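So the structure is just underneath, and the comments pick up after that.
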Amino acid sequence: MRGLILKGVGGVYSVRDDEGTVHTCFARGRFRRQKIKPLVGDFVEFQPQRGEEDGYLLEILPRRNALRRPLAANIDLLLIVMAPVPEPDWLLCDKLLSDAVSMGVEAALIMNKRELSPDGGEAALSVYRHLPFTCAVSAKERAGLEPLREFLAGKTFVLAGQSGVGKSSLLNALLPEAARETGGLSEKIARGKNTTRHSELLDLGGGTYAVDTPGFSLLDAEPMEPAAFLATYPDFSPYADGCRFAGCLHDKESGCALREAVEAGEIPRERYERYRILLAEIRELWRRRYDG
Ligand code: GDP
Ligand code: ZN
């Protein structure tokens with residue numbers, strides 16, 4: 001049979017088949033010998049339990065991607081959640097966006113607690129117009145969620161953002177009515193944060209899954225070459241050809257077309273200033289990449 005790994009703890013996997021039945025499967029020695037660790041989000045071939053005999057995994061189907069932190073496979077989307085309260089950390093937002101691009105995962109941004117912003121969070125989102133999806137919502141008032149639901153449909157996504165922005169509240173708001181009524185999942189989301197270190201897929205219905213990752217805040221990215229870091233800014237790329245120097249990193253170089261775009265108000269200044277802060281960090285990390 002074919003299925004999707006929802007959860008894996010200590011070599012015991014919960015595998016959901018196409019009909020929605022969840023099977024308990026073990027990973028046999030073959031996986032360990034081949035040094036392949038089945039991950040949450042993996043599509044697998046498995047042998048379901050037969051009488052007294054345990055179910056077990058037979059094969060992992062080819063992955064689209066595999067993240068190390070959160071440990072999960074076949075992720076379609078990194079959904080970054082920001083909010084007016086607590087004090088938003090936009091540097092974290094830019095870091096997450098950059099990491100997502102470098103890992104080949106699409107990223108989108110939502111502004112939660114929109115009722116607490118005088119402008120409903122629109123100004124903050126306008127800095128990120130280049131993203132495939134942005135929207136302002138309120139998990140508490142269950143407002144603005146429909147476009148988000150539509151965008152998420154059929155995707156497996158990871159929620160990221162500062163603690164307290166409302167990630168758990170959002171997950172609860174996105175749960176299908178039936179699941180919310182039983183209370184089981186909502187409770188699990190509320191508790192989940194601190195009771196387990198393992199990622200788990202939450203079934204939001206309609207083929208949409210959220211990776212529930214306790215304590216996760218930043219993706220685990222490798223040190224990056226500064227030029228590769230710049231390449232994670234798709235909103236900057238239209239200007240590269242206009243710079244005086246080929247390979248301009250848009251830092252202090254003269255004749256920089258990107259800086260002109262910032263002066264002209266085409267690129268939000270804050271996004272550019274944060275880019276330079278992160279670029280300095282990246283340069284430092286890159287310089288030290290071989291140090292102990
Ligand atoms: P997490 O740490 O990102 O998972 O955040 P939580 O979901 O635990 O929410 C943190 C706090 O923000 C809680 O007190 C929530 O009730 C509150 N909260 C969540 N969403 C909203 C919202 O849309 N509006 C307001 N005003 N508060 C919210
Ligand atoms: Zn430049």
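Chain lettering (A, B, ...) mirrors the order of the structure tokens, residue numbering begins at 1 for each chain separately, and ligand numbering begins at 1 in order of display.
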
(message) What does the list of residues within 8 Å of ligand 2 look like if you count only C-alpha atoms and all ligand atoms, written as an MDAnalysis selection string?
(response) chainID A and resid 239:240 242:245 247:251 253:259

Around ligand 1, which protein and nucleic acid residues have at least one atom no more than 7 Å from it, if we count only C-alpha atoms and all ligand atoms? List them as an mmCIF file with N, CA and C atoms, in the first residue's frame.
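Result file is selection_37.cif:
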data_model
loop_
_atom_site.group_PDB
_atom_site.id
_atom_site.type_symbol
_atom_site.label_atom_id
_atom_site.label_comp_id
_atom_site.auth_asym_id
_atom_site.auth_seq_id
_atom_site.Cartn_x
_atom_site.Cartn_y
_atom_site.Cartn_z
ATOM 1 N N ASN A 112 -0.787 38.271 11.328
ATOM 2 C CA ASN A 112 -1.892 37.891 12.208
ATOM 3 C C ASN A 112 -2.230 39.063 13.149
ATOM 4 N N LYS A 113 -3.296 38.931 13.898
ATOM 5 C CA LYS A 113 -3.752 39.960 14.846
ATOM 6 C C LYS A 113 -3.998 41.275 14.121
ATOM 7 N N ARG A 114 -4.577 41.192 12.949
ATOM 8 C CA ARG A 114 -4.715 42.393 12.129
ATOM 9 C C ARG A 114 -5.577 43.459 12.803
ATOM 10 N N GLU A 115 -6.475 43.025 13.713
ATOM 11 C CA GLU A 115 -7.328 44.018 14.382
ATOM 12 C C GLU A 115 -6.521 44.903 15.335
ATOM 13 N N LEU A 116 -5.261 44.516 15.612
ATOM 14 C CA LEU A 116 -4.440 45.334 16.510
ATOM 15 C C LEU A 116 -3.597 46.379 15.767
ATOM 16 N N VAL A 137 -4.679 38.602 8.646
ATOM 17 C CA VAL A 137 -5.760 37.788 9.207
ATOM 18 C C VAL A 137 -5.894 38.050 10.702
ATOM 19 N N SER A 138 -6.948 37.528 11.259
ATOM 20 C CA SER A 138 -7.057 37.477 12.707
ATOM 21 C C SER A 138 -7.497 36.074 13.098
ATOM 22 N N ALA A 139 -6.598 35.366 13.745
ATOM 23 C CA ALA A 139 -6.944 34.015 14.190
ATOM 24 C C ALA A 139 -8.012 34.104 15.271
ATOM 25 N N LYS A 140 -7.885 35.138 16.096
ATOM 26 C CA LYS A 140 -8.792 35.294 17.222
ATOM 27 C C LYS A 140 -10.221 35.562 16.741
ATOM 28 N N GLU A 141 -10.342 36.477 15.786
ATOM 29 C CA GLU A 141 -11.675 36.820 15.281
ATOM 30 C C GLU A 141 -12.074 35.960 14.095
ATOM 31 N N GLY A 161 7.799 31.622 12.770
ATOM 32 C CA GLY A 161 7.639 32.983 13.274
ATOM 33 C C GLY A 161 7.920 33.038 14.765
ATOM 34 N N GLN A 162 8.004 34.244 15.276
ATOM 35 C CA GLN A 162 8.313 34.430 16.692
ATOM 36 C C GLN A 162 7.276 33.747 17.562
ATOM 37 N N SER A 163 7.693 33.464 18.773
ATOM 38 C CA SER A 163 6.764 32.932 19.743
ATOM 39 C C SER A 163 5.758 34.035 20.095
ATOM 40 N N GLY A 164 4.488 33.660 20.189
ATOM 41 C CA GLY A 164 3.467 34.616 20.595
ATOM 42 C C GLY A 164 2.756 35.332 19.464
ATOM 43 N N VAL A 165 3.166 35.075 18.205
ATOM 44 C CA VAL A 165 2.488 35.743 17.083
ATOM 45 C C VAL A 165 1.139 35.108 16.773
ATOM 46 N N GLY A 166 0.922 33.893 17.292
ATOM 47 C CA GLY A 166 -0.373 33.249 17.089
ATOM 48 C C GLY A 166 -0.354 32.062 16.146
ATOM 49 N N LYS A 167 0.768 31.364 16.079
ATOM 50 C CA LYS A 167 0.857 30.206 15.176
ATOM 51 C C LYS A 167 -0.100 29.093 15.599
ATOM 52 N N SER A 168 -0.111 28.782 16.891
ATOM 53 C CA SER A 168 -1.020 27.724 17.359
ATOM 54 C C SER A 168 -2.469 28.146 17.162
ATOM 55 N N SER A 169 -2.760 29.402 17.467
ATOM 56 C CA SER A 169 -4.125 29.897 17.301
ATOM 57 C C SER A 169 -4.554 29.782 15.840
ATOM 58 N N LEU A 170 -3.623 30.083 14.947
ATOM 59 C CA LEU A 170 -3.934 29.995 13.526
ATOM 60 C C LEU A 170 -4.221 28.567 13.086
#

(message) Give me, as an NGL selection string, the residues of segment 30-278 of chain A that a backbone DSSP run labels alpha helix (DSSP H).
(response) :A and (30-33 or 90-102 or 122-126 or 145-152 or 167-174 or 177-182 or 184-195 or 226-230 or 257-263 or 269-278)

(message) Taking 5 positions as the minimum chain separation for residues in the same chain, which residues sit within 10 Å of Arg2 of chain A when counting only C-alpha atoms? Answer as a VMD selection string.
(response) chain A and resid 15 to 18 43 to 48 57 to 61

(message) Would you compute the distance between atom CA of Phe133 of chain A and atom CA of Val40 of chain A? Give it in Å to one decimal.
(response) 25.1 Å

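You can rank A:Thr213, A:Thr134, A:Asn74, A:Ser117 by their closest distance to Lys155 of chain A using only C-alpha atoms, and at the top of that list sits A:Asn74.
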
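For Leu79 of chain A, the residues within 6 Å (counting only C-alpha atoms, excluding itself and residues fewer than 2 positions away along the chain) are Ala107, Ala108, Leu109, Val158 and Leu159 of chain A.
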
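Atom CA of Thr156 of chain A sits 19.2 Å away from atom CA of Glu177 of chain A.
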
(request) Can you pull out every residue within 9 Å of Ser199 of chain A, counting only C-alpha atoms, but drop anything in the same chain fewer than 5 positions away, and send it as a PyMOL selection string? (result) chain A and resi 6-8+40+70-72+211-214

If you keep N, CA and C atoms, can you produce a file of those selected residues as a short mmCIF file (atom, residue, chain, number, x, y, z; two decimals), in the first residue's frame?
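New file part19.cif:
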data_model
loop_
_atom_site.label_atom_id
_atom_site.label_comp_id
_atom_site.auth_asym_id
_atom_site.auth_seq_id
_atom_site.Cartn_x
_atom_site.Cartn_y
_atom_site.Cartn_z
N LEU A 6 2.81 10.53 8.84
CA LEU A 6 2.32 11.67 9.61
C LEU A 6 3.20 11.93 10.83
N LYS A 7 3.82 10.87 11.30
CA LYS A 7 4.51 10.96 12.59
C LYS A 7 5.51 9.82 12.68
N GLY A 8 6.61 10.06 13.34
CA GLY A 8 7.58 8.99 13.55
C GLY A 8 8.32 9.20 14.84
N VAL A 40 8.76 12.48 8.46
CA VAL A 40 7.41 13.01 8.38
C VAL A 40 7.29 13.71 7.02
N PRO A 70 12.94 22.21 10.39
CA PRO A 70 12.32 21.02 10.98
C PRO A 70 12.59 19.79 10.11
N LEU A 71 12.72 18.66 10.78
CA LEU A 71 13.01 17.42 10.10
C LEU A 71 11.74 16.93 9.39
N ALA A 72 11.68 17.16 8.09
CA ALA A 72 10.47 16.78 7.35
C ALA A 72 10.77 16.77 5.86
N VAL A 211 2.98 21.10 9.20
CA VAL A 211 4.01 20.43 9.99
C VAL A 211 4.03 21.11 11.34
N ASP A 212 3.71 20.36 12.35
CA ASP A 212 3.70 20.88 13.70
C ASP A 212 5.08 20.62 14.29
N THR A 213 5.86 21.69 14.45
CA THR A 213 7.23 21.51 14.91
C THR A 213 7.47 22.29 16.17
N PRO A 214 7.52 21.59 17.28
CA PRO A 214 7.71 22.26 18.55
C PRO A 214 9.05 22.96 18.62
#
